[in-house]
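Chemist: Quick one: the structure is below, and I'll ask about it shortly.
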Amino acid sequence: MDLTPLLAVLALLVAGFPLAFAILRSPFLALLFAPLAAALLSTVAVVLMLVVGGPLLLWIALVLAAGLVCAGWLLRRPGEPVPYGGWRHALLIVLPLLPPCLMIFEPASRWDAHSIWWLHAGYFANGSEYARTAIGSPAFVFSHTDYPPLASAPVAAVWSVVEPDFRTAQLVGALVTVSAVAMLVYLVRRTLARVSAWVAWVLAIAVGLATWSNVLYAVTGGLADALWSAAFAAAAVALLLGADPLRRPLLPLLLLTVAALSKNEGLIAVAGLAVLVTVRGRADLRRAALVWLPVLAGGAWAVLVRVLDAKSDITNGTSADQGAQGVQRFQVTIAAMWDVVGLVLVGAAVVALVGALFLRGRRRAAGLASDGWVWALNGYYLVVLIGTYLTGPNEIEWWLATSVQRVTLPVLLLATVSIAGWVAVALAGDGRAESPAAREPALLAAPRQRTGDWPDPRPPAVPTTTIRRS
């Protein structure tokens, strides 16, 4: 029996757990976030390797040591556990995600996984000189060598220690992506703190499961689309819907960094979200400015690969279609997008319109910000996506057939978040009932001696109580 995949999983959990625990202060949620934390650390190691030189394994060891120091520093600072951090809550996040994850047993045969993400992992694992040569080689233009490294970096880190194997790569990529989906479920649940626990959990799980709706193999097939989309949507939930989004910014900022360093369209989407968060938090621009750090991280990678002479068939050309051909290209693009997300967008728009007409006051009582932020973000991404298809160099029908289902996943997730928000508002009551902890079913209540004090997040005008929460 080959134990390499199991060892790879354990390596990701062990590498990422200290930093994840220092951020979340919950061992159970830290286990869920650990693969993403390990992916971020391995990405830092890849970037340092490309900039300074040397073997990847050396930089991984140095970055892991720095991660331990950072975790120790965070743990020495005053902190409190995040809400919904008990083991029962972790199980509620994980168990519903297991059935679609069974697709991990399908063969590791996806074209993009082999020709982009695992190819990149292969040249990262071979050291700085090999990687620099591959990134700048015209022979690898088909591989999008300008793509950010986060989806490939943890695979490269594992391959630096064990014999390269595509099944191991598939498992590592799936684990990192499921970690992002788990954070999406968690942050939706945390944002819906004033709703009945069962309603909030059902809605949060439904949003997480929507990650599989466009492309069933996106999570377990070795691709990066579900990874950055789930991380991006999770950060959007925390930063645009939460009542006080900048009170706990570290987890959303790390998720934005994941999105910006996973794919080029992720960086573009993160930049749009940063603008909206800055506008929303304009009363405290010093804190709101933190959201630009992930944009800077993604921009730094873009500069680095240009210095290394990376080339891409998309970034190095534009469409020559003009006039009637341009109109036809637009019509074909809109038709393809409609087939994938059109009905979901229309349904979400209807729900949002009805909610805005009849439930606006109750939305404030439910502790949710305006749904307009989510729709502004979704509209921005749609415009950028359509513009990319119109100006890109590829033959439009082939390009849409091979990508539109994957790249519209953020659109679907944001539409699902909007629907979940209004359903939660409709079922939240008048907002003056008992505290969120009191509404949590006894089955989910963890021992009180393990928790910290948490204020009820209602606005000042509404009476609050200090409660104990897991």
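Every chain in the structure tokens has a letter given in the order shown (A, B, ...), and although residue numbers restart at 1 in each chain, ligands are simply numbered from 1 in the order shown.
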Please list as a PyMOL selection string every residue within 9 Å of segment 101-118 of chain A, counting only C-alpha atoms and excluding residues in the same chain fewer than 3 positions away.

Modeler: chain A and resi 97-98+121-123+142-145+147+149+151-153+155-156+166-167+169-171+174+178+216-217+219-224

Chemist: Residues as selected, C-alpha atoms, written as a PDB file, in the first residue's frame, can you do that?

Modeler:
ATOM      1  CA  LEU A  97     -18.654  18.438   2.121  1.00  0.00           C
ATOM      2  CA  LEU A  98     -17.503  14.818   2.166  1.00  0.00           C
ATOM      3  CA  ALA A 121       4.826  22.384  -9.439  1.00  0.00           C
ATOM      4  CA  GLY A 122       7.336  20.226 -11.279  1.00  0.00           C
ATOM      5  CA  TYR A 123       9.642  23.069 -12.240  1.00  0.00           C
ATOM      6  CA  PHE A 142       0.679  27.164 -23.428  1.00  0.00           C
ATOM      7  CA  SER A 143       1.184  26.600 -19.675  1.00  0.00           C
ATOM      8  CA  HIS A 144       0.469  30.203 -18.633  1.00  0.00           C
ATOM      9  CA  THR A 145       3.751  30.557 -16.771  1.00  0.00           C
ATOM     10  CA  TYR A 147      -0.114  32.350 -13.411  1.00  0.00           C
ATOM     11  CA  PRO A 149       1.942  29.958  -7.736  1.00  0.00           C
ATOM     12  CA  ALA A 151      -2.197  26.241  -6.425  1.00  0.00           C
ATOM     13  CA  SER A 152       1.133  24.681  -7.438  1.00  0.00           C
ATOM     14  CA  ALA A 153       3.339  25.602  -4.461  1.00  0.00           C
ATOM     15  CA  VAL A 155       2.342  20.284  -4.550  1.00  0.00           C
ATOM     16  CA  ALA A 156       5.904  21.401  -5.278  1.00  0.00           C
ATOM     17  CA  PHE A 166      -0.041  12.770  -9.854  1.00  0.00           C
ATOM     18  CA  ARG A 167      -2.391  11.101  -7.384  1.00  0.00           C
ATOM     19  CA  ALA A 169      -0.735  16.094  -6.384  1.00  0.00           C
ATOM     20  CA  GLN A 170      -4.469  15.634  -6.893  1.00  0.00           C
ATOM     21  CA  LEU A 171      -5.000  14.902  -3.197  1.00  0.00           C
ATOM     22  CA  ALA A 174      -8.176  18.877  -3.301  1.00  0.00           C
ATOM     23  CA  VAL A 178     -11.704  21.970   0.460  1.00  0.00           C
ATOM     24  CA  LEU A 216     -18.303  18.805 -10.446  1.00  0.00           C
ATOM     25  CA  TYR A 217     -14.597  18.029 -10.733  1.00  0.00           C
ATOM     26  CA  VAL A 219     -12.584  20.878  -6.342  1.00  0.00           C
ATOM     27  CA  THR A 220     -10.886  17.497  -6.700  1.00  0.00           C
ATOM     28  CA  GLY A 221      -9.595  17.621 -10.277  1.00  0.00           C
ATOM     29  CA  GLY A 222      -6.403  19.584  -9.664  1.00  0.00           C
ATOM     30  CA  LEU A 223      -7.700  22.957 -10.929  1.00  0.00           C
ATOM     31  CA  ALA A 224      -7.400  26.380  -9.286  1.00  0.00           C
TER      32      ALA A 224
END

Chemist: Env of segment 407-412 of chain A: 10 Å cut, atoms = only C-alpha atoms, seq-sep filter 6 positions within chain, self excluded. Answer as a PyMOL selection string.

Modeler: chain A and resi 207+210-215+218+225-226+228-233+265-266+269+337+340-342+344-345+348+375+377-379+381-382+385+400+418

Chemist: Can I get the selection written as a compact mmCIF listing (two decimals), in the first residue's frame, with N, CA, C and O atoms?

Modeler:
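Generated output (again_6.txt):
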# COMPACT_ATOMS: atom_id res chain seq x y z
N VAL A 207 -24.28 27.27 0.57
CA VAL A 207 -23.34 28.12 -0.16
C VAL A 207 -22.05 27.35 -0.44
O VAL A 207 -21.50 27.41 -1.55
N ALA A 210 -22.46 24.86 -3.21
CA ALA A 210 -22.59 25.48 -4.54
C ALA A 210 -21.26 25.53 -5.28
O ALA A 210 -21.25 25.70 -6.50
N THR A 211 -20.16 25.34 -4.57
CA THR A 211 -18.85 25.33 -5.22
C THR A 211 -18.76 24.21 -6.26
O THR A 211 -18.02 24.32 -7.24
N TRP A 212 -19.52 23.14 -6.06
CA TRP A 212 -19.49 22.02 -6.98
C TRP A 212 -20.51 22.15 -8.12
O TRP A 212 -20.53 21.32 -9.01
N SER A 213 -21.36 23.15 -8.09
CA SER A 213 -22.52 23.17 -8.97
C SER A 213 -22.18 23.41 -10.43
O SER A 213 -22.81 22.84 -11.33
N ASN A 214 -21.19 24.25 -10.71
CA ASN A 214 -20.84 24.52 -12.11
C ASN A 214 -20.02 23.40 -12.73
O ASN A 214 -20.31 22.95 -13.84
N VAL A 215 -18.98 22.99 -12.02
CA VAL A 215 -18.06 21.97 -12.52
C VAL A 215 -17.84 20.98 -11.38
O VAL A 215 -17.19 21.29 -10.39
N ALA A 218 -14.22 20.40 -10.23
CA ALA A 218 -13.37 21.57 -10.01
C ALA A 218 -12.61 21.49 -8.68
O ALA A 218 -11.47 21.95 -8.59
N ASP A 225 -9.64 26.98 -10.06
CA ASP A 225 -10.81 27.86 -10.11
C ASP A 225 -11.65 27.81 -8.84
O ASP A 225 -12.05 28.85 -8.31
N ALA A 226 -11.93 26.61 -8.36
CA ALA A 226 -12.72 26.49 -7.13
C ALA A 226 -11.95 27.02 -5.93
O ALA A 226 -12.54 27.58 -5.00
N TRP A 228 -9.64 29.59 -5.74
CA TRP A 228 -9.67 31.04 -5.60
C TRP A 228 -11.09 31.57 -5.47
O TRP A 228 -11.32 32.55 -4.75
N SER A 229 -12.05 30.91 -6.13
CA SER A 229 -13.44 31.37 -6.06
C SER A 229 -13.99 31.24 -4.65
O SER A 229 -14.65 32.16 -4.13
N ALA A 230 -13.75 30.10 -3.99
CA ALA A 230 -14.25 29.90 -2.63
C ALA A 230 -13.57 30.86 -1.66
O ALA A 230 -14.23 31.44 -0.78
N ALA A 231 -12.25 31.03 -1.79
CA ALA A 231 -11.54 31.96 -0.90
C ALA A 231 -12.03 33.39 -1.11
O ALA A 231 -12.23 34.14 -0.14
N PHE A 232 -12.25 33.77 -2.35
CA PHE A 232 -12.72 35.11 -2.68
C PHE A 232 -14.12 35.35 -2.13
O PHE A 232 -14.40 36.38 -1.51
N ALA A 233 -15.03 34.39 -2.34
CA ALA A 233 -16.40 34.54 -1.85
C ALA A 233 -16.42 34.59 -0.32
O ALA A 233 -17.20 35.35 0.27
N GLU A 265 -7.31 36.05 -12.77
CA GLU A 265 -8.61 36.67 -12.56
C GLU A 265 -8.93 36.85 -11.09
O GLU A 265 -9.73 37.70 -10.70
N GLY A 266 -8.28 36.04 -10.23
CA GLY A 266 -8.44 36.23 -8.79
C GLY A 266 -7.88 37.56 -8.34
O GLY A 266 -8.48 38.27 -7.53
N ALA A 269 -10.28 40.30 -9.41
CA ALA A 269 -11.46 40.31 -8.55
C ALA A 269 -11.14 40.88 -7.17
O ALA A 269 -11.93 41.64 -6.60
N MET A 337 -22.63 32.53 -21.21
CA MET A 337 -22.75 32.83 -19.78
C MET A 337 -24.17 32.62 -19.29
O MET A 337 -24.40 32.14 -18.17
N VAL A 340 -24.93 29.12 -18.37
CA VAL A 340 -24.29 28.60 -17.16
C VAL A 340 -24.86 29.24 -15.89
O VAL A 340 -25.19 28.54 -14.93
N VAL A 341 -24.97 30.58 -15.86
CA VAL A 341 -25.36 31.26 -14.62
C VAL A 341 -26.57 32.17 -14.81
O VAL A 341 -26.96 32.85 -13.85
N GLY A 342 -27.16 32.20 -15.98
CA GLY A 342 -28.24 33.16 -16.24
C GLY A 342 -29.42 32.99 -15.31
O GLY A 342 -29.88 33.96 -14.68
N VAL A 344 -29.63 31.47 -12.44
CA VAL A 344 -29.28 31.73 -11.04
C VAL A 344 -29.22 33.23 -10.78
O VAL A 344 -29.73 33.72 -9.75
N LEU A 345 -28.65 33.99 -11.71
CA LEU A 345 -28.58 35.44 -11.54
C LEU A 345 -29.96 36.07 -11.53
O LEU A 345 -30.25 36.95 -10.71
N ALA A 348 -31.63 35.19 -8.23
CA ALA A 348 -31.04 35.97 -7.14
C ALA A 348 -31.48 37.42 -7.21
O ALA A 348 -31.73 38.06 -6.17
N TRP A 375 -23.79 42.71 -4.95
CA TRP A 375 -24.16 42.85 -6.37
C TRP A 375 -23.19 43.76 -7.12
O TRP A 375 -22.90 43.54 -8.30
N LEU A 377 -20.00 43.97 -6.48
CA LEU A 377 -18.83 43.13 -6.72
C LEU A 377 -19.08 42.14 -7.85
O LEU A 377 -18.22 41.92 -8.72
N ASN A 378 -20.26 41.54 -7.84
CA ASN A 378 -20.60 40.58 -8.88
C ASN A 378 -20.66 41.25 -10.25
O ASN A 378 -20.17 40.71 -11.25
N GLY A 379 -21.26 42.42 -10.30
CA GLY A 379 -21.34 43.15 -11.56
C GLY A 379 -19.97 43.53 -12.08
O GLY A 379 -19.69 43.43 -13.29
N TYR A 381 -17.12 41.97 -11.55
CA TYR A 381 -16.43 40.78 -12.07
C TYR A 381 -17.02 40.35 -13.41
O TYR A 381 -16.28 39.94 -14.32
N LEU A 382 -18.34 40.44 -13.54
CA LEU A 382 -18.97 40.07 -14.81
C LEU A 382 -18.48 40.96 -15.95
O LEU A 382 -18.20 40.48 -17.06
N LEU A 385 -14.99 39.99 -16.86
CA LEU A 385 -14.98 38.69 -17.53
C LEU A 385 -15.43 38.82 -18.98
O LEU A 385 -14.80 38.27 -19.90
N LEU A 400 -14.81 29.72 -24.91
CA LEU A 400 -15.96 29.63 -24.01
C LEU A 400 -16.24 28.18 -23.63
O LEU A 400 -16.52 27.87 -22.46
N SER A 418 -25.96 36.14 -1.93
CA SER A 418 -27.05 37.11 -1.88
C SER A 418 -28.37 36.44 -1.50
O SER A 418 -29.11 36.93 -0.64

Chemist: Please measure the separation of atom CA of Leu41 of chain A and atom CA of Leu92 of chain A, giving the value in Å to one decimal.

Modeler: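 Separation of atom CA of Leu41 of chain A and atom CA of Leu92 of chain A: 27.3 Å.
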
Chemist: Let me make sure I understand: among A:Gln405, A:Ile396, A:Pro35, A:Gly85, which one has the smallest atom-to-atom distance to Gln325 of chain A if we use only C-alpha atoms?

Modeler: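 Comparing A:Gln405, A:Ile396, A:Pro35, A:Gly85 against Gln325 of chain A, the winner is A:Ile396.
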
Chemist: Using only C-alpha atoms, find each residue in segment 145-249 of chain A having at least one atom no more than 10 Å away from segment 10-14 of chain A; report its shortest atom-to-atom pair and that distance in Å (one decimal), rows by chain then rising number, as JSON lines.

Modeler:
{"residue": "A:Pro154", "atom": "CA", "partner": "A:Leu12", "partner_atom": "CA", "distance": 7.9}
{"residue": "A:Val155", "atom": "CA", "partner": "A:Leu12", "partner_atom": "CA", "distance": 9.9}
{"residue": "A:Ala157", "atom": "CA", "partner": "A:Leu12", "partner_atom": "CA", "distance": 9.5}
{"residue": "A:Val158", "atom": "CA", "partner": "A:Ala11", "partner_atom": "CA", "distance": 7.9}
{"residue": "A:Val172", "atom": "CA", "partner": "A:Leu12", "partner_atom": "CA", "distance": 8.0}
{"residue": "A:Leu175", "atom": "CA", "partner": "A:Leu12", "partner_atom": "CA", "distance": 8.7}
{"residue": "A:Val176", "atom": "CA", "partner": "A:Leu12", "partner_atom": "CA", "distance": 8.7}

Chemist: Which of segment 217-458 of chain A counts as alpha helix (DSSP H) under DSSP, as a VMD selection string please?

Modeler: chain A and resid 225 to 236 250 to 260 264 to 280 285 to 288 292 to 307 324 to 337 343 to 358 360 to 365 372 to 391 396 to 407 409 to 426 436 to 439

Chemist: Near segment 237-246 of chain A, within 9 Å and counting only C-alpha atoms, which residues show up once chain neighbours fewer than 5 positions away are dropped, as a ChimeraX atom specification?

Modeler: /A:184,187-188,190-192,232,251-252,273,276-277,280-281,287-288,364,367-371,373-374,414,417,421,457-459

Chemist: Residues at most 10 Å from Phe330 of chain A, counting only C-alpha atoms, excluding those fewer than 2 positions away in the same chain, as a list in words?

Modeler: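 Residues near the query, excluding close chain neighbours: Ala324, Gln325, Gly326, Val327, Gln328, Val332, Thr333, Ile334, Ala335, Ala336, Ile386, Gly387, Tyr389, Leu390, Thr391 and Ile396 of chain A.
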